[in-house]
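final.pdb follows (PDB, C-alpha atoms, pLDDT in the B column):
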```pdb
ATOM      1  CA  MET A 110       0.000   0.000   0.000  1.00 77.00           C
ATOM      2  CA  LYS A 111       1.431   3.349  -1.062  1.00 90.00           C
ATOM      3  CA  ILE A 112       1.598   6.327   1.274  1.00 95.00           C
ATOM      4  CA  ARG A 113      -0.541   9.131  -0.172  1.00 96.00           C
ATOM      5  CA  THR A 114       1.556  12.279   0.049  1.00 97.00           C
ATOM      6  CA  ILE A 115       1.096  16.022  -0.409  1.00 97.00           C
ATOM      7  CA  ILE A 116       3.684  18.796  -0.527  1.00 97.00           C
ATOM      8  CA  VAL A 117       3.010  22.233   0.983  1.00 96.00           C
ATOM      9  CA  GLU A 118       5.812  24.580  -0.058  1.00 95.00           C
ATOM     10  CA  ASP A 119       5.679  28.192  -1.272  1.00 93.00           C
ATOM     11  CA  GLU A 120       9.125  28.284  -2.914  1.00 94.00           C
ATOM     12  CA  PRO A 121       8.982  26.925  -6.503  1.00 94.00           C
ATOM     13  CA  LEU A 122      12.524  25.491  -6.505  1.00 94.00           C
ATOM     14  CA  ALA A 123      12.081  23.787  -3.163  1.00 93.00           C
ATOM     15  CA  ARG A 124       8.693  22.451  -4.287  1.00 94.00           C
ATOM     16  CA  GLU A 125      10.171  20.971  -7.456  1.00 95.00           C
ATOM     17  CA  GLY A 126      13.057  19.471  -5.509  1.00 95.00           C
ATOM     18  CA  LEU A 127      10.664  17.771  -3.109  1.00 95.00           C
ATOM     19  CA  LYS A 128       8.555  16.473  -5.989  1.00 95.00           C
ATOM     20  CA  SER A 129      11.604  14.880  -7.597  1.00 96.00           C
ATOM     21  CA  TYR A 130      12.604  13.273  -4.287  1.00 96.00           C
ATOM     22  CA  VAL A 131       9.101  11.905  -3.686  1.00 96.00           C
ATOM     23  CA  ARG A 132       8.965  10.385  -7.161  1.00 94.00           C
ATOM     24  CA  GLU A 133      12.146   8.441  -6.415  1.00 94.00           C
ATOM     25  CA  ILE A 134      10.438   6.526  -3.570  1.00 94.00           C
ATOM     26  CA  ASP A 135       8.197   3.676  -4.719  1.00 93.00           C
ATOM     27  CA  SER A 136       6.248   3.608  -1.454  1.00 93.00           C
ATOM     28  CA  LEU A 137       5.131   7.261  -1.879  1.00 96.00           C
ATOM     29  CA  GLU A 138       2.273   8.425  -4.096  1.00 95.00           C
ATOM     30  CA  LEU A 139       2.245  12.170  -4.735  1.00 96.00           C
ATOM     31  CA  CYS A 140      -1.384  13.245  -4.853  1.00 95.00           C
ATOM     32  CA  ALA A 141      -1.061  17.050  -4.652  1.00 95.00           C
ATOM     33  CA  THR A 142       1.289  20.016  -4.318  1.00 96.00           C
ATOM     34  CA  CYS A 143       0.245  23.262  -2.645  1.00 95.00           C
ATOM     35  CA  GLU A 144       1.810  26.724  -2.518  1.00 94.00           C
ATOM     36  CA  ASN A 145       0.388  27.747   0.854  1.00 93.00           C
ATOM     37  CA  ALA A 146      -1.515  26.536   3.896  1.00 93.00           C
ATOM     38  CA  LEU A 147      -4.908  27.846   2.724  1.00 92.00           C
ATOM     39  CA  GLU A 148      -4.664  25.801  -0.458  1.00 94.00           C
ATOM     40  CA  ALA A 149      -3.496  22.786   1.544  1.00 95.00           C
ATOM     41  CA  ASN A 150      -6.458  23.108   3.887  1.00 94.00           C
ATOM     42  CA  GLU A 151      -8.849  22.446   0.995  1.00 93.00           C
ATOM     43  CA  VAL A 152      -6.692  19.680  -0.466  1.00 94.00           C
ATOM     44  CA  LEU A 153      -6.603  17.824   2.849  1.00 94.00           C
ATOM     45  CA  LYS A 154     -10.389  17.582   2.856  1.00 91.00           C
ATOM     46  CA  ILE A 155     -10.471  16.072  -0.628  1.00 92.00           C
ATOM     47  CA  GLU A 156      -7.357  13.926  -0.875  1.00 91.00           C
ATOM     48  CA  LYS A 157      -7.093  12.795   2.772  1.00 92.00           C
ATOM     49  CA  PRO A 158      -3.349  12.095   2.488  1.00 95.00           C
ATOM     50  CA  ASP A 159      -1.325   9.916   4.828  1.00 95.00           C
ATOM     51  CA  LEU A 160       1.762  12.146   4.801  1.00 96.00           C
ATOM     52  CA  MET A 161       2.348  15.878   4.394  1.00 97.00           C
ATOM     53  CA  PHE A 162       5.668  17.623   3.725  1.00 97.00           C
ATOM     54  CA  LEU A 163       5.016  21.005   5.309  1.00 95.00           C
ATOM     55  CA  ASP A 164       7.138  24.126   4.938  1.00 94.00           C
ATOM     56  CA  ILE A 165       7.191  26.391   7.995  1.00 92.00           C
ATOM     57  CA  GLN A 166       7.838  29.841   6.502  1.00 90.00           C
ATOM     58  CA  MET A 167       4.821  30.612   4.320  1.00 91.00           C
ATOM     59  CA  PRO A 168       2.713  33.744   3.727  1.00 86.00           C
ATOM     60  CA  LYS A 169      -0.511  34.435   5.694  1.00 86.00           C
ATOM     61  CA  ILE A 170      -0.119  31.462   8.048  1.00 91.00           C
ATOM     62  CA  THR A 171       2.993  29.543   9.032  1.00 90.00           C
ATOM     63  CA  GLY A 172       3.267  25.791   8.758  1.00 91.00           C
ATOM     64  CA  ILE A 173       3.403  25.516  12.565  1.00 91.00           C
ATOM     65  CA  ASP A 174       0.189  27.512  13.038  1.00 92.00           C
ATOM     66  CA  PHE A 175      -1.489  25.578  10.233  1.00 94.00           C
ATOM     67  CA  LEU A 176      -0.563  22.270  11.847  1.00 92.00           C
ATOM     68  CA  LYS A 177      -1.913  23.462  15.203  1.00 90.00           C
ATOM     69  CA  SER A 178      -5.234  24.277  13.517  1.00 92.00           C
ATOM     70  CA  LEU A 179      -5.777  20.732  12.234  1.00 91.00           C
ATOM     71  CA  GLN A 180      -7.858  18.426  14.393  1.00 86.00           C
ATOM     72  CA  THR A 181      -6.756  15.218  12.686  1.00 87.00           C
ATOM     73  CA  PRO A 182      -3.563  15.968  10.742  1.00 91.00           C
ATOM     74  CA  PRO A 183      -1.798  13.356   8.627  1.00 93.00           C
ATOM     75  CA  MET A 184       1.762  12.360   9.417  1.00 93.00           C
ATOM     76  CA  VAL A 185       3.914  15.468   8.990  1.00 93.00           C
ATOM     77  CA  ILE A 186       7.528  16.022   7.998  1.00 94.00           C
ATOM     78  CA  LEU A 187       8.438  19.685   8.494  1.00 92.00           C
ATOM     79  CA  THR A 188      10.787  21.455   6.072  1.00 92.00           C
ATOM     80  CA  THR A 189      12.500  24.757   6.796  1.00 88.00           C
ATOM     81  CA  ALA A 190      15.687  26.744   6.357  1.00 86.00           C
ATOM     82  CA  TYR A 191      15.764  27.523  10.094  1.00 78.00           C
ATOM     83  CA  PRO A 192      16.632  24.848  12.709  1.00 74.00           C
ATOM     84  CA  ASN A 193      15.257  26.846  15.654  1.00 75.00           C
ATOM     85  CA  TYR A 194      11.718  25.557  15.024  1.00 67.00           C
ATOM     86  CA  ALA A 195      12.691  21.958  15.827  1.00 65.00           C
ATOM     87  CA  LEU A 196      11.394  22.035  19.402  1.00 64.00           C
ATOM     88  CA  GLN A 197       7.946  23.259  18.346  1.00 67.00           C
ATOM     89  CA  GLY A 198       7.844  20.575  15.696  1.00 66.00           C
ATOM     90  CA  PHE A 199       8.560  17.720  18.066  1.00 64.00           C
ATOM     91  CA  GLU A 200       6.022  19.082  20.553  1.00 68.00           C
ATOM     92  CA  LEU A 201       3.452  18.722  17.743  1.00 75.00           C
ATOM     93  CA  ASP A 202       4.428  15.068  17.196  1.00 77.00           C
ATOM     94  CA  VAL A 203       5.840  15.513  13.710  1.00 85.00           C
ATOM     95  CA  VAL A 204       7.567  12.511  12.175  1.00 86.00           C
ATOM     96  CA  ASP A 205      10.752  14.391  11.333  1.00 85.00           C
ATOM     97  CA  TYR A 206      12.265  17.822  10.724  1.00 86.00           C
ATOM     98  CA  LEU A 207      14.286  18.566   7.579  1.00 89.00           C
ATOM     99  CA  VAL A 208      16.548  21.611   7.443  1.00 88.00           C
ATOM    100  CA  LYS A 209      17.121  22.991   3.938  1.00 89.00           C
ATOM    101  CA  PRO A 210      19.090  22.171   1.922  1.00 89.00           C
ATOM    102  CA  TYR A 211      18.821  18.480   2.802  1.00 90.00           C
ATOM    103  CA  PRO A 212      20.421  15.679   0.761  1.00 93.00           C
ATOM    104  CA  PHE A 213      18.445  12.732  -0.545  1.00 95.00           C
ATOM    105  CA  ASP A 214      19.774  10.339   2.104  1.00 92.00           C
ATOM    106  CA  ARG A 215      18.432  12.607   4.880  1.00 91.00           C
ATOM    107  CA  PHE A 216      15.101  12.820   3.063  1.00 95.00           C
ATOM    108  CA  LEU A 217      15.022   9.023   2.763  1.00 93.00           C
ATOM    109  CA  LYS A 218      15.666   8.645   6.493  1.00 90.00           C
ATOM    110  CA  ALA A 219      12.632  10.831   7.247  1.00 90.00           C
ATOM    111  CA  VAL A 220      10.475   8.882   4.794  1.00 94.00           C
ATOM    112  CA  ASN A 221      11.504   5.588   6.399  1.00 90.00           C
ATOM    113  CA  LYS A 222      10.335   6.895   9.781  1.00 86.00           C
ATOM    114  CA  ALA A 223       6.976   7.780   8.229  1.00 90.00           C
ATOM    115  CA  LYS A 224       6.804   4.389   6.535  1.00 89.00           C
ATOM    116  CA  ASP A 225       7.375   2.569   9.843  1.00 83.00           C
ATOM    117  CA  LEU A 226       4.677   4.643  11.528  1.00 83.00           C
ATOM    118  CA  PHE A 227       2.291   4.090   8.604  1.00 87.00           C
ATOM    119  CA  GLN A 228       2.782   0.318   8.782  1.00 82.00           C
ATOM    120  CA  LEU A 229       2.218   0.340  12.525  1.00 74.00           C
ATOM    121  CA  ARG A 230      -1.068   2.204  12.111  1.00 75.00           C
ATOM    122  CA  GLN A 231      -2.202  -0.204   9.406  1.00 74.00           C
ATOM    123  CA  ASN A 232      -1.252  -3.356  11.316  1.00 65.00           C
ATOM    124  CA  PRO A 233      -0.531  -2.454  14.938  1.00 52.00           C
ATOM    125  CA  LYS A 234      -0.190  -6.071  16.094  1.00 49.00           C
ATOM    126  CA  GLU A 235       1.757  -7.441  13.152  1.00 46.00           C
ATOM    127  CA  ASN A 236       4.225  -4.577  12.868  1.00 44.00           C
ATOM    128  CA  PRO A 237       5.394  -3.469  16.312  1.00 44.00           C
ATOM    129  CA  ILE A 238       7.918  -0.610  16.422  1.00 46.00           C
ATOM    130  CA  GLN A 239      10.412  -0.758  19.247  1.00 53.00           C
ATOM    131  CA  LYS A 240      10.534   2.760  20.624  1.00 67.00           C
ATOM    132  CA  GLU A 241      13.946   3.328  22.156  1.00 82.00           C
ATOM    133  CA  ALA A 242      13.768   6.925  23.399  1.00 85.00           C
ATOM    134  CA  ILE A 243      11.533   9.874  24.150  1.00 86.00           C
ATOM    135  CA  PHE A 244      12.180  13.606  23.819  1.00 86.00           C
ATOM    136  CA  VAL A 245      11.404  15.882  26.766  1.00 87.00           C
ATOM    137  CA  LYS A 246      11.892  19.617  27.249  1.00 87.00           C
ATOM    138  CA  VAL A 247      14.210  20.411  30.157  1.00 87.00           C
ATOM    139  CA  ASP A 248      15.288  24.028  30.786  1.00 84.00           C
ATOM    140  CA  ASN A 249      14.308  25.009  27.224  1.00 78.00           C
ATOM    141  CA  ILE A 250      16.415  22.186  25.785  1.00 81.00           C
ATOM    142  CA  LEU A 251      14.906  19.205  23.981  1.00 82.00           C
ATOM    143  CA  LYS A 252      16.583  16.173  25.549  1.00 84.00           C
ATOM    144  CA  ARG A 253      16.596  12.614  24.238  1.00 85.00           C
ATOM    145  CA  VAL A 254      16.073  10.115  27.052  1.00 89.00           C
ATOM    146  CA  LEU A 255      16.720   6.441  26.401  1.00 89.00           C
ATOM    147  CA  LEU A 256      13.892   4.259  27.695  1.00 91.00           C
ATOM    148  CA  GLN A 257      16.378   1.744  29.030  1.00 90.00           C
ATOM    149  CA  ASP A 258      17.813   4.437  31.324  1.00 92.00           C
ATOM    150  CA  ILE A 259      14.476   5.401  32.922  1.00 94.00           C
ATOM    151  CA  ILE A 260      13.996   3.812  36.354  1.00 95.00           C
ATOM    152  CA  TYR A 261      10.733   5.455  37.368  1.00 96.00           C
ATOM    153  CA  ILE A 262       8.701   8.617  36.802  1.00 95.00           C
ATOM    154  CA  GLU A 263       7.169  10.739  39.535  1.00 95.00           C
ATOM    155  CA  GLY A 264       4.258  13.125  39.043  1.00 93.00           C
ATOM    156  CA  MET A 265       4.408  16.601  40.609  1.00 88.00           C
ATOM    157  CA  GLU A 266       1.207  18.508  39.721  1.00 80.00           C
ATOM    158  CA  ASN A 267       1.857  19.817  36.171  1.00 82.00           C
ATOM    159  CA  TYR A 268       5.424  18.503  36.081  1.00 91.00           C
ATOM    160  CA  VAL A 269       6.989  15.066  36.048  1.00 93.00           C
ATOM    161  CA  ALA A 270      10.369  14.006  37.381  1.00 94.00           C
ATOM    162  CA  ILE A 271      12.084  11.349  35.277  1.00 95.00           C
ATOM    163  CA  HIS A 272      14.487   9.369  37.447  1.00 95.00           C
ATOM    164  CA  THR A 273      17.256   7.865  35.339  1.00 93.00           C
ATOM    165  CA  LYS A 274      20.594   6.174  35.908  1.00 86.00           C
ATOM    166  CA  GLU A 275      22.275   9.562  35.478  1.00 86.00           C
ATOM    167  CA  GLY A 276      19.980  11.567  37.745  1.00 89.00           C
ATOM    168  CA  ARG A 277      16.635  13.382  37.693  1.00 91.00           C
ATOM    169  CA  LEU A 278      15.092  15.371  34.839  1.00 93.00           C
ATOM    170  CA  ILE A 279      12.094  17.638  35.450  1.00 93.00           C
ATOM    171  CA  THR A 280       9.807  18.558  32.560  1.00 92.00           C
ATOM    172  CA  LEU A 281       6.472  20.333  32.143  1.00 89.00           C
ATOM    173  CA  MET A 282       4.112  17.463  31.325  1.00 85.00           C
ATOM    174  CA  THR A 283       1.171  15.645  32.862  1.00 87.00           C
ATOM    175  CA  MET A 284       1.394  12.041  34.003  1.00 88.00           C
ATOM    176  CA  LYS A 285      -1.302  11.154  31.490  1.00 86.00           C
ATOM    177  CA  SER A 286       0.749  12.536  28.594  1.00 84.00           C
ATOM    178  CA  MET A 287       3.866  10.795  29.825  1.00 88.00           C
ATOM    179  CA  GLU A 288       2.035   7.495  30.198  1.00 87.00           C
ATOM    180  CA  GLU A 289       0.716   7.741  26.636  1.00 83.00           C
ATOM    181  CA  ASN A 290       4.279   8.224  25.334  1.00 82.00           C
ATOM    182  CA  LEU A 291       5.665   5.083  26.965  1.00 87.00           C
ATOM    183  CA  PRO A 292       5.332   1.506  25.660  1.00 85.00           C
ATOM    184  CA  THR A 293       3.057  -0.524  27.942  1.00 82.00           C
ATOM    185  CA  ASP A 294       5.183  -3.644  27.611  1.00 82.00           C
ATOM    186  CA  ARG A 295       8.049  -1.849  29.404  1.00 87.00           C
ATOM    187  CA  PHE A 296       6.360   0.620  31.748  1.00 91.00           C
ATOM    188  CA  LEU A 297       3.519   0.361  34.243  1.00 92.00           C
ATOM    189  CA  ARG A 298       1.594   3.026  36.121  1.00 93.00           C
ATOM    190  CA  ILE A 299       1.342   1.758  39.681  1.00 93.00           C
ATOM    191  CA  HIS A 300      -0.015   4.874  41.388  1.00 93.00           C
ATOM    192  CA  LYS A 301      -1.523   8.208  40.380  1.00 90.00           C
ATOM    193  CA  THR A 302       1.930   9.754  40.860  1.00 93.00           C
ATOM    194  CA  TYR A 303       4.253   6.912  39.811  1.00 95.00           C
ATOM    195  CA  ILE A 304       5.144   5.066  36.610  1.00 95.00           C
ATOM    196  CA  ILE A 305       7.841   2.404  36.860  1.00 95.00           C
ATOM    197  CA  SER A 306      10.112   0.602  34.423  1.00 93.00           C
ATOM    198  CA  LYS A 307       9.379  -3.119  34.672  1.00 90.00           C
ATOM    199  CA  ASN A 308      13.006  -3.912  33.873  1.00 89.00           C
ATOM    200  CA  HIS A 309      14.270  -1.999  36.914  1.00 91.00           C
ATOM    201  CA  VAL A 310      12.042  -3.646  39.528  1.00 91.00           C
ATOM    202  CA  LYS A 311      14.170  -5.317  42.222  1.00 90.00           C
ATOM    203  CA  GLY A 312      11.374  -6.651  44.419  1.00 88.00           C
ATOM    204  CA  ILE A 313       7.996  -6.124  46.037  1.00 89.00           C
ATOM    205  CA  GLU A 314       7.522  -5.515  49.760  1.00 88.00           C
ATOM    206  CA  GLY A 315       4.044  -4.896  51.112  1.00 88.00           C
ATOM    207  CA  ASN A 316       2.583  -2.003  49.143  1.00 90.00           C
ATOM    208  CA  GLU A 317       5.938  -0.783  47.890  1.00 92.00           C
ATOM    209  CA  ILE A 318       8.058  -1.685  44.884  1.00 93.00           C
ATOM    210  CA  ASP A 319      11.824  -1.730  45.280  1.00 93.00           C
ATOM    211  CA  MET A 320      13.424   0.154  42.369  1.00 93.00           C
ATOM    212  CA  GLY A 321      16.982  -0.210  43.629  1.00 89.00           C
ATOM    213  CA  LYS A 322      17.958   2.991  45.401  1.00 86.00           C
ATOM    214  CA  THR A 323      14.400   3.811  46.440  1.00 91.00           C
ATOM    215  CA  LYS A 324      10.997   2.249  47.047  1.00 93.00           C
ATOM    216  CA  VAL A 325       7.837   3.638  45.490  1.00 93.00           C
ATOM    217  CA  PRO A 326       4.237   3.034  46.634  1.00 94.00           C
ATOM    218  CA  MET A 327       1.654   1.252  44.547  1.00 92.00           C
ATOM    219  CA  SER A 328      -2.082   1.853  44.613  1.00 90.00           C
ATOM    220  CA  ARG A 329      -3.649  -0.280  47.340  1.00 87.00           C
ATOM    221  CA  ASN A 330      -6.798  -0.781  45.259  1.00 88.00           C
ATOM    222  CA  ARG A 331      -4.773  -2.111  42.321  1.00 87.00           C
ATOM    223  CA  ARG A 332      -2.146  -4.052  44.267  1.00 87.00           C
ATOM    224  CA  ASN A 333      -3.127  -7.525  43.013  1.00 85.00           C
ATOM    225  CA  GLU A 334      -3.527  -6.301  39.443  1.00 86.00           C
ATOM    226  CA  ILE A 335      -0.095  -4.639  39.521  1.00 88.00           C
ATOM    227  CA  ILE A 336       1.608  -7.724  40.962  1.00 86.00           C
ATOM    228  CA  ASP A 337      -0.051  -9.904  38.329  1.00 81.00           C
ATOM    229  CA  GLU A 338       1.261  -7.570  35.633  1.00 81.00           C
ATOM    230  CA  LEU A 339       4.787  -7.656  37.029  1.00 82.00           C
ATOM    231  CA  ILE A 340       5.276 -11.322  37.891  1.00 75.00           C
ATOM    232  CA  GLY A 341       2.392 -13.146  36.153  1.00 59.00           C
ATOM    233  CA  ARG A 342      -0.535 -14.873  37.784  1.00 39.00           C
TER     234      ARG A 342
END
```
Show me this structure written as structure tokens.
Amino acid sequence: MKIRTIIVEDEPLAREGLKSYVREIDSLELCATCENALEANEVLKIEKPDLMFLDIQMPKITGIDFLKSLQTPPMVILTTAYPNYALQGFELDVVDYLVKPYPFDRFLKAVNKAKDLFQLRQNPKENPIQKEAIFVKVDNILKRVLLQDIIYIEGMENYVAIHTKEGRLITLMTMKSMEENLPTDRFLRIHKTYIISKNHVKGIEGNEIDMGKTKVPMSRNRRNEIIDELIGR
């Protein structure tokens, strides 16, 4: 199944370059090209693409603001001449971020990410993607945190503290959002304020779970369910 693709780019040369790149990839089907976000808004309703290459600097409305306005956007790969928009892009769950001028191999890497995500959405059970890291904003810096390094996560009102092998990272995020970003086969929410890594559990004592250097409480009402999840019935 081909990935239906549209290009939203106001610069003619950049638009033509993207078109030539897209045509080189057998798994992509170019269904439309647009010069601005207003034109793209109408095309999205008709074509319903799977993937959108979206330029950021465009007249009337930027690519970022256009993406924020969409209730159910397709997969998005942002394109721009300015790298300082990367953080906003990742906060909007874009697939990738291409800084102009980008070579074909970098373009192909972004397309492969979209292809993996597309396959997962089509066949979520048959095509699992092993997520190895998450990005979190810490002191205005977007940090990559390896999942294998996370020991447990602690909720603190509108913030969460990510306890890793290297120390603690604090980021503005709800526990619900954090939970949704973590694979359920590796992490388990055991309390309204705690998510643990199953791989770092050292033992269970009463209503607490030993995570090595510290013990964290589990919900009393879910104690049996949590133990079943950790050690099997």
*asked:* To one decimal place in Å, what is the distance between atom CA of A:Tyr191 and atom CA of A:Pro168?
replied: 15.8 Å
*asked:* I'd like the contact shell of A:Glu314 - 12 Å cut-off, only C-alpha atoms, skipping same-chain residues fewer than 2 positions apart - returned as JSON, numbers by chain.
replied: {"A": [310, 311, 312, 316, 317, 318, 319, 320, 324, 325, 326, 327, 332, 336]}
For those residues, write C-alpha atoms to a file as an mmCIF file, keeping the file's coordinate frame.
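Ended up saving to out.cif:
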```
data_model
loop_
_atom_site.group_PDB
_atom_site.id
_atom_site.type_symbol
_atom_site.label_atom_id
_atom_site.label_comp_id
_atom_site.auth_asym_id
_atom_site.auth_seq_id
_atom_site.Cartn_x
_atom_site.Cartn_y
_atom_site.Cartn_z
ATOM 1 C CA VAL A 310 12.042 -3.646 39.528
ATOM 2 C CA LYS A 311 14.170 -5.317 42.222
ATOM 3 C CA GLY A 312 11.374 -6.651 44.419
ATOM 4 C CA ASN A 316 2.583 -2.003 49.143
ATOM 5 C CA GLU A 317 5.938 -0.783 47.890
ATOM 6 C CA ILE A 318 8.058 -1.685 44.884
ATOM 7 C CA ASP A 319 11.824 -1.730 45.280
ATOM 8 C CA MET A 320 13.424 0.154 42.369
ATOM 9 C CA LYS A 324 10.997 2.249 47.047
ATOM 10 C CA VAL A 325 7.837 3.638 45.490
ATOM 11 C CA PRO A 326 4.237 3.034 46.634
ATOM 12 C CA MET A 327 1.654 1.252 44.547
ATOM 13 C CA ARG A 332 -2.146 -4.052 44.267
ATOM 14 C CA ILE A 336 1.608 -7.724 40.962
#
```
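Picked by the PyMOL selection byres ((chain A and resi 255) around 6) from the coordinates shown: Glu241, Ala242, Val254, Leu256, Gln257 and Asp258 of chain A.
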Export of prior selection with C-alpha atoms as an mmCIF file, in the coordinates of the input:
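Okay, this is what ended up in out-v5.cif:
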```
data_model
loop_
_atom_site.group_PDB
_atom_site.id
_atom_site.type_symbol
_atom_site.label_atom_id
_atom_site.label_comp_id
_atom_site.auth_asym_id
_atom_site.auth_seq_id
_atom_site.Cartn_x
_atom_site.Cartn_y
_atom_site.Cartn_z
ATOM 1 C CA GLU A 241 13.946 3.328 22.156
ATOM 2 C CA ALA A 242 13.768 6.925 23.399
ATOM 3 C CA VAL A 254 16.073 10.115 27.052
ATOM 4 C CA LEU A 256 13.892 4.259 27.695
ATOM 5 C CA GLN A 257 16.378 1.744 29.030
ATOM 6 C CA ASP A 258 17.813 4.437 31.324
#
```
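By only C-alpha atoms, and with residues fewer than 4 positions from A:Ala270 along its chain excluded, the set lying at most 10 Å from it is Tyr261, Ile262, Glu263, Gly264, Met265, Gly276, Arg277, Leu278, Ile279, Thr280, Leu281, Met282, Met284 and Tyr303 of chain A.
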*Which residues fall under the PyMOL selection byres ((chain A and resi 148) around 12) in this file, as a PyMOL selection string?*
chain A and resi 115-119+141-147+149-155+167-170+175
*Suppose you want the space between atom CA of A:Leu229 and atom CA of A:Arg132; what is it in Å?*
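Result for atom CA of A:Leu229 versus atom CA of A:Arg132: 23.1 Å, one decimal.
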*atom CA of A:Val208 to atom CA of A:Thr188: how many Å, to one decimal?*
5.9 Å
_Ranking A:Asp214, A:Leu127, A:Glu266, A:Glu156 by minimum distance to A:Leu187 and counting only C-alpha atoms, which one comes first?_
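Ranked by minimum distance to A:Leu187, first place goes to A:Leu127.
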Expected selection from the PyMOL selection byres ((chain A and resi 221) around 12), given as a PDB file with C-alpha atoms, in the coordinates of the input:
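Contents of expr36.pdb, freshly written:
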```pdb
ATOM      1  CA  ILE A 112       1.598   6.327   1.274  1.00 95.00           C
ATOM      2  CA  ILE A 134      10.438   6.526  -3.570  1.00 94.00           C
ATOM      3  CA  ASP A 135       8.197   3.676  -4.719  1.00 93.00           C
ATOM      4  CA  SER A 136       6.248   3.608  -1.454  1.00 93.00           C
ATOM      5  CA  LEU A 137       5.131   7.261  -1.879  1.00 96.00           C
ATOM      6  CA  LEU A 160       1.762  12.146   4.801  1.00 96.00           C
ATOM      7  CA  ILE A 186       7.528  16.022   7.998  1.00 94.00           C
ATOM      8  CA  VAL A 204       7.567  12.511  12.175  1.00 86.00           C
ATOM      9  CA  ASP A 205      10.752  14.391  11.333  1.00 85.00           C
ATOM     10  CA  ASP A 214      19.774  10.339   2.104  1.00 92.00           C
ATOM     11  CA  ARG A 215      18.432  12.607   4.880  1.00 91.00           C
ATOM     12  CA  PHE A 216      15.101  12.820   3.063  1.00 95.00           C
ATOM     13  CA  LEU A 217      15.022   9.023   2.763  1.00 93.00           C
ATOM     14  CA  LYS A 218      15.666   8.645   6.493  1.00 90.00           C
ATOM     15  CA  ALA A 219      12.632  10.831   7.247  1.00 90.00           C
ATOM     16  CA  VAL A 220      10.475   8.882   4.794  1.00 94.00           C
ATOM     17  CA  LYS A 222      10.335   6.895   9.781  1.00 86.00           C
ATOM     18  CA  ALA A 223       6.976   7.780   8.229  1.00 90.00           C
ATOM     19  CA  LYS A 224       6.804   4.389   6.535  1.00 89.00           C
ATOM     20  CA  ASP A 225       7.375   2.569   9.843  1.00 83.00           C
ATOM     21  CA  LEU A 226       4.677   4.643  11.528  1.00 83.00           C
ATOM     22  CA  PHE A 227       2.291   4.090   8.604  1.00 87.00           C
ATOM     23  CA  GLN A 228       2.782   0.318   8.782  1.00 82.00           C
TER      24      GLN A 228
END
```
*Would you list the contacts of A:Leu139 as a VMD selection string, taking every protein, DNA or RNA residue within 7 Å and counting all atoms listed in the file, but skipping same-chain residues closer than 6 positions in sequence?*
chain A and resid 113 to 115 131
*Neighbour residues at most 6 Å from (10.8, 24.8, 5.4) (all atoms listed in the file) as a ChimeraX atom specification*: /A:164-166,188-190
*asked:* Give me the residues near A:Leu297 as a list in words, where near means some atom within 9 Å (using all atoms listed in the file) and where sequence neighbours in that chain fewer than 6 positions away do not count.
replied: Glu288, Leu291, Tyr303, Ile304, Ile305, Ser306, Lys307, Ile335, Glu338 and Leu339 of chain A
*Contacts of A:Pro182 within 9 Å, all atoms listed in the file, excl. fewer than 2 positions in-chain, as a PyMOL selection string*: chain A and resi 153+159-161+176-180+184-185
_Nearest-residue call for A:Pro210, choices A:Ala123, A:Ile260, A:Leu251, A:Ile173, using only C-alpha atoms_ = A:Ala123
Need the axis-aligned box for stretch 144-153 of chain A with 5 Å each side, so what are the centre and edges in Å to one decimal, as AutoDock Vina command-line options?
```
--center_x -3.5 --center_y 22.8 --center_z 0.7 --size_x 20.7 --size_y 20.0 --size_z 16.4
```
